[in-house]
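Colleague: Dropping in run-v3.cif, with mmCIF, C-alpha atoms and all ligand atoms.
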```cif
data_protein
loop_
_atom_site.label_atom_id
_atom_site.label_comp_id
_atom_site.auth_asym_id
_atom_site.auth_seq_id
_atom_site.Cartn_x
_atom_site.Cartn_y
_atom_site.Cartn_z
CA MET C 1 76.48 108.52 -97.93
CA LYS C 2 72.83 107.53 -98.28
CA ILE C 3 71.54 105.55 -101.24
CA GLY C 4 67.86 105.00 -102.00
CA VAL C 5 66.59 101.93 -103.79
CA LEU C 6 63.23 102.30 -105.49
CA ALA C 7 61.12 99.64 -103.79
CA LEU C 8 57.82 99.67 -105.67
CA GLN C 9 58.38 96.26 -107.28
CA GLY C 10 61.29 94.01 -108.22
CA ASP C 11 64.52 92.89 -106.57
CA PHE C 12 65.23 95.95 -104.43
CA ILE C 13 66.18 93.83 -101.39
CA GLU C 14 69.14 92.36 -103.27
CA HIS C 15 70.48 95.84 -104.02
CA ILE C 16 70.05 96.88 -100.40
CA ASN C 17 71.93 93.76 -99.27
CA ILE C 18 74.87 94.58 -101.54
CA LEU C 19 74.96 98.20 -100.38
CA GLU C 20 74.99 97.01 -96.78
CA ARG C 21 77.88 94.65 -97.56
CA LEU C 22 79.67 97.74 -98.88
CA LYS C 23 78.93 99.46 -95.55
CA VAL C 24 76.73 102.10 -97.15
CA LYS C 25 73.46 103.32 -95.66
CA ALA C 26 70.66 102.09 -97.92
CA ILE C 27 66.96 102.84 -97.69
CA SER C 28 64.01 101.50 -99.65
CA VAL C 29 62.05 104.25 -101.38
CA ARG C 30 58.29 103.84 -101.59
CA ARG C 31 57.15 107.38 -100.90
CA LEU C 32 58.07 110.73 -102.41
CA ASP C 33 59.36 112.14 -99.11
CA GLU C 34 61.92 109.30 -98.96
CA LEU C 35 63.74 110.84 -101.93
CA LYS C 36 64.91 113.66 -99.67
CA ASP C 37 68.64 113.86 -98.85
CA LEU C 38 69.67 110.96 -101.04
CA ASP C 39 73.17 110.90 -102.49
CA GLY C 40 72.23 108.33 -105.11
CA LEU C 41 69.32 106.23 -106.28
CA ILE C 42 69.01 102.72 -107.72
CA PHE C 43 66.22 101.51 -109.99
CA PRO C 44 66.14 97.72 -109.55
CA GLY C 45 65.23 94.95 -111.94
CA GLY C 46 61.70 93.65 -111.98
CA GLU C 47 58.90 94.35 -114.39
CA SER C 48 59.24 97.77 -115.97
CA THR C 49 55.55 98.03 -116.89
CA ALA C 50 54.55 97.36 -113.27
CA ILE C 51 57.18 99.73 -111.84
CA ALA C 52 56.16 102.48 -114.31
CA SER C 53 52.50 102.08 -113.45
CA LEU C 54 53.23 102.26 -109.68
CA MET C 55 55.51 105.26 -110.26
CA HIS C 56 52.61 106.92 -111.99
CA SER C 57 50.15 106.04 -109.17
CA PHE C 58 52.50 107.43 -106.51
CA ASN C 59 53.35 110.59 -108.51
CA PHE C 60 57.04 109.78 -108.84
CA PHE C 61 57.46 110.90 -112.45
CA LYS C 62 57.58 114.64 -111.80
CA SER C 63 59.90 114.28 -108.79
CA PHE C 64 62.28 112.05 -110.73
CA LYS C 65 62.49 114.57 -113.55
CA GLU C 66 63.30 117.31 -111.03
CA LEU C 67 65.81 115.15 -109.18
CA VAL C 68 67.66 114.26 -112.31
CA GLN C 69 68.28 117.92 -113.05
CA THR C 70 70.26 118.11 -109.82
CA GLY C 71 72.70 115.55 -111.30
CA LEU C 72 71.75 112.92 -108.73
CA PRO C 73 73.65 109.71 -109.55
CA ILE C 74 71.27 106.95 -110.62
CA MET C 75 71.94 103.32 -111.51
CA GLY C 76 69.28 101.27 -113.29
CA THR C 77 69.55 97.50 -113.64
CA CYS C 78 67.50 95.55 -116.19
CA ALA C 79 63.91 96.87 -115.84
CA GLY C 80 65.49 99.87 -114.09
CA MET C 81 67.62 100.51 -117.16
CA VAL C 82 64.51 100.41 -119.36
CA LEU C 83 62.89 103.14 -117.27
CA MET C 84 65.94 105.42 -117.53
CA ALA C 85 66.03 105.51 -121.33
CA LYS C 86 65.02 108.37 -123.57
CA LYS C 87 63.30 106.00 -125.96
CA ILE C 88 61.81 102.55 -125.32
CA THR C 89 61.18 100.63 -128.53
CA HIS C 90 57.71 99.10 -129.00
CA SER C 91 56.48 100.03 -125.57
CA ASN C 92 53.88 102.30 -124.02
CA ILE C 93 56.01 102.93 -120.94
CA PRO C 94 56.58 106.67 -120.58
CA PRO C 95 60.38 107.09 -120.71
CA LEU C 96 62.08 109.14 -118.00
CA GLY C 97 64.84 110.20 -120.40
CA PHE C 98 67.64 110.10 -117.82
CA MET C 99 70.06 108.84 -120.48
CA ASP C 100 70.30 109.57 -124.17
CA MET C 101 69.76 105.99 -125.31
CA GLU C 102 67.16 103.80 -126.96
CA VAL C 103 66.42 100.45 -125.35
CA LYS C 104 64.53 97.36 -126.37
CA ARG C 105 62.69 95.39 -123.68
CA ASN C 106 62.79 91.57 -123.50
CA ALA C 107 65.35 91.75 -126.27
CA PHE C 108 66.78 88.25 -125.85
CA GLY C 109 63.45 86.44 -125.91
CA ARG C 110 61.29 84.90 -123.22
CA GLN C 111 62.15 83.96 -119.63
CA VAL C 112 63.55 80.57 -120.71
CA ALA C 113 66.08 82.35 -122.93
CA SER C 114 67.66 83.97 -119.85
CA PHE C 115 71.40 83.33 -119.57
CA GLU C 116 74.56 84.01 -117.65
CA THR C 117 77.85 85.06 -119.19
CA GLU C 118 81.33 86.21 -118.24
CA LEU C 119 81.34 89.80 -119.42
CA ILE C 120 84.41 91.95 -119.97
CA ILE C 121 83.81 95.43 -118.53
CA PRO C 122 87.11 97.23 -119.21
CA THR C 123 86.56 99.95 -116.62
CA LEU C 124 86.37 97.26 -113.90
CA GLY C 125 89.63 95.62 -114.91
CA GLU C 126 90.54 92.41 -116.71
CA LYS C 127 88.61 89.94 -114.58
CA PRO C 128 85.28 89.17 -116.32
CA PHE C 129 82.06 90.05 -114.53
CA PRO C 130 79.52 87.24 -113.98
CA ALA C 131 76.51 88.82 -115.69
CA VAL C 132 73.03 87.36 -115.21
CA PHE C 133 70.56 88.30 -117.96
CA ILE C 134 66.91 87.61 -117.08
CA ARG C 135 64.46 88.51 -119.86
CA ALA C 136 66.84 91.38 -120.31
CA PRO C 137 66.71 94.54 -122.38
CA LEU C 138 69.50 95.77 -124.66
CA ILE C 139 70.71 99.19 -125.68
CA LEU C 140 69.92 99.76 -129.35
CA ASP C 141 71.41 103.19 -129.76
CA THR C 142 73.27 105.80 -127.72
CA GLY C 143 73.74 109.56 -128.04
CA PRO C 144 77.15 111.28 -128.20
CA GLU C 145 77.41 111.81 -124.43
CA VAL C 146 76.89 108.17 -123.59
CA GLU C 147 79.93 106.03 -122.87
CA ILE C 148 79.56 102.34 -123.67
CA LEU C 149 80.88 100.27 -120.76
CA ALA C 150 80.23 96.74 -122.01
CA SER C 151 79.03 94.81 -125.04
CA LEU C 152 78.43 91.13 -125.70
CA ASP C 153 80.59 89.34 -128.29
CA SER C 154 77.82 90.04 -130.81
CA GLY C 155 78.38 93.78 -130.31
CA THR C 156 75.11 94.22 -128.40
CA ILE C 157 75.49 97.04 -125.88
CA VAL C 158 74.60 95.96 -122.34
CA ALA C 159 76.07 98.62 -120.05
CA ALA C 160 76.54 102.35 -120.46
CA ARG C 161 77.20 105.54 -118.55
CA GLN C 162 76.22 109.15 -119.08
CA GLY C 163 77.76 111.44 -116.49
CA THR C 164 76.33 110.34 -113.14
CA LYS C 165 73.88 107.84 -114.68
CA LEU C 166 74.61 104.15 -115.10
CA ALA C 167 72.54 101.68 -117.14
CA ILE C 168 73.09 97.95 -116.75
CA ALA C 169 71.04 95.42 -118.75
CA PHE C 170 71.81 92.54 -116.37
CA HIS C 171 71.63 91.92 -112.60
CA PRO C 172 74.84 92.73 -110.66
CA GLU C 173 72.74 92.57 -107.48
CA LEU C 174 72.18 88.82 -107.88
CA GLY C 175 75.80 87.75 -107.64
CA SER C 176 78.65 88.25 -105.23
CA ASP C 177 80.82 90.45 -107.44
CA LEU C 178 80.52 93.90 -105.90
CA ARG C 179 82.52 95.83 -108.49
CA LEU C 180 79.64 97.45 -110.35
CA HIS C 181 78.01 98.70 -107.15
CA ARG C 182 81.40 99.91 -105.99
CA TYR C 183 81.85 101.70 -109.30
CA PHE C 184 78.46 103.39 -108.86
CA LEU C 185 79.38 104.42 -105.32
CA GLU C 186 82.55 106.03 -106.67
CA ILE C 187 80.38 108.12 -108.99
CA VAL C 188 78.19 109.04 -106.01
CA ALA C 189 81.17 109.95 -103.83
CA THR C 190 82.71 112.06 -106.58
CA HIS C 191 79.43 113.86 -107.22
CA LYS C 192 79.08 114.56 -103.51
CA LEU C 193 82.58 116.03 -103.32
CA ILE C 194 81.89 118.26 -106.33
CA GLY C 195 78.70 119.44 -104.60
CA GLN C 196 80.74 120.32 -101.54
CA GLY C 197 83.26 122.18 -103.71
CA SER C 198 86.07 119.83 -102.62
CA ILE C 199 87.06 118.89 -106.16
CA GLN C 200 86.33 120.51 -109.46
CA THR C 201 87.71 119.30 -112.75
CA GLY C 202 87.61 115.92 -114.42
CA ALA C 203 85.73 114.40 -111.54
CA ASN C 204 83.14 112.72 -113.72
CA LYS C 205 85.68 110.78 -115.72
CA THR C 206 85.29 107.03 -115.62
CA ASN C 207 88.61 106.33 -113.97
CA CYS C 208 88.35 108.85 -111.17
CA LYS C 209 88.68 106.86 -107.96
CA VAL C 210 87.27 108.05 -104.69
CA PRO C 211 87.86 105.69 -101.79
CA ILE C 212 84.78 104.16 -100.19
CA SER C 213 84.70 101.63 -97.43
CA VAL C 214 84.36 98.06 -98.67
CA ASP C 215 84.53 94.71 -96.97
N1 LIG H 301 61.66 92.11 -118.99
C1 LIG H 301 61.54 92.99 -117.89
C2 LIG H 301 60.99 94.33 -118.27
O1 LIG H 301 61.23 94.80 -119.33
C3 LIG H 301 62.87 93.19 -117.20
C4 LIG H 301 63.29 91.91 -116.54
C5 LIG H 301 64.21 92.09 -115.38
O2 LIG H 301 64.32 93.17 -114.77
N2 LIG H 301 64.83 91.01 -115.05
O3 LIG H 301 60.37 94.92 -117.47
#
```
Would you mind writing the file out in structure tokens?
Ligand code: GLN
Modeller:
Amino acid sequence: MKIGVLALQGDFIEHINILERLKVKAISVRRLDELKDLDGLIFPGGESTAIASLMHSFNFFKSFKELVQTGLPIMGTCAGMVLMAKKITHSNIPPLGFMDMEVKRNAFGRQVASFETELIIPTLGEKPFPAVFIRAPLILDTGPEVEILASLDSGTIVAARQGTKLAIAFHPELGSDLRLHRYFLEIVATHKLIGQGSIQTGANKTNCKVPISVD
């Protein structure tokens, strides 16, 4: 299994470190040719305006749109989630439209309003997930194919899934809880098996478990 982490700007190293802890081959992606042969891709947190502008400069937009049609599993965290949306409220960033959702950038206020909370993510089990929100976005609206994975007590949606795509408003890469990365790798492994014709039905369901090596 080979996972690419978009490394134009932001905290891509932290994602790579987590993937390595999970014994998965991870590469940083800075050039178009590095998208070849990936089983999954991660869009890290950072500054979505800067990442979008670099994506534009390096001609990534067209390739991403093509890649997404192949069903490639993609996880976006924070700024990465912003880029994956179909609609970005009050922003000039061109949306990639990977997921049928509308997001709002910097939705919780300025940097000083960043916070950490124990978030219940039912698909990961009962133990709360330590979720770090740094000038985070939120999900304002979702289409019928989007599954909501987690909301704050206020009802604000902060994690969602659509098929092989995962959007997380916070930073699972900054803590030591590996469950969200592991969950993404299960999506990747399942997608890979479907591609190989090893399994067919129901494989995209949230609870489908495919074993991956973990420490
Ligand atoms: N506020 C940033 C943006 O919208 C995201 C911040 C982050 O990734 N921590 O680009």
Colleague: List all protein, DNA and RNA residues that have an atom no more than 7 Å from any atom of ligand LIG 301 (chain H), counting all atoms listed in the file, and report them as a VMD selection string.
Modeller: chain C and resid 45 to 49 77 to 80 82 105 to 106 133 to 137
Colleague: Please determine, counting all atoms listed in the file, which residue among C:Leu22, C:Leu72, C:Ile168, C:Leu149 has the shortest atom-to-atom distance to Ala85 of chain C.
Modeller: C:Ile168
Colleague: Which one is closest to Ile194 of chain C: C:Glu145, C:Arg179, C:Ile13, C:Gly71? Count all atoms listed in the file.
Modeller: C:Gly71
Colleague: Any idea what the distance is between atom CA of Leu166 of chain C and atom CA of Phe64 of chain C?
Modeller: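 Result for atom CA of Leu166 of chain C versus atom CA of Phe64 of chain C: 15.3 Å, one decimal.
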Colleague: Just to confirm, what's the straight-line distance from atom CA of Pro130 of chain C to atom CA of Ser28 of chain C in Å (one decimal)?
Modeller: 25.5 Å
Colleague: For Leu38 of chain C, work out the shell of residues within 7 Å, counting all atoms listed in the file and skipping chain neighbours fewer than 2 positions away, then give it as JSON, numbers by chain.
Modeller: {"C": [2, 3, 4, 35, 36, 40]}
Colleague: Please compute the atom CA of Thr164 of chain C-atom CA of Leu83 of chain C distance, one decimal, in Å.
Modeller: 15.8 Å
Colleague: When distances are computed from only C-alpha atoms, which of C:Arg21, C:Lys165, C:Lys104, C:Arg31 shows the smallest separation from Ser63 of chain C?
Modeller: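 That would be C:Arg31, the residue with the smallest distance to Ser63 of chain C.
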Colleague: Would you please work out which residue, of C:Asp39, C:Val132, C:Ile139, C:Thr89, is nearest to Gly195 of chain C when using all atoms listed in the file?
Modeller: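 Smallest separation from Gly195 of chain C among the options: C:Asp39.
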Colleague: Residues proximal to (66.4, 96.5, -93.2) were defined as those with any atom within 10 Å of that point in the file's coordinates, counting only C-alpha atoms. Which are they, as an NGL selection string?
Modeller: :C and (13 or 16-17 or 20 or 26-28)
Colleague: Between C:Gly76, C:Gly109, C:Gly163, C:Pro144, which has the minimum distance to Leu96 of chain C (counting all atoms listed in the file)?
Modeller: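 Going through C:Gly76, C:Gly109, C:Gly163, C:Pro144 one by one, the smallest distance to Leu96 of chain C is for C:Gly76.
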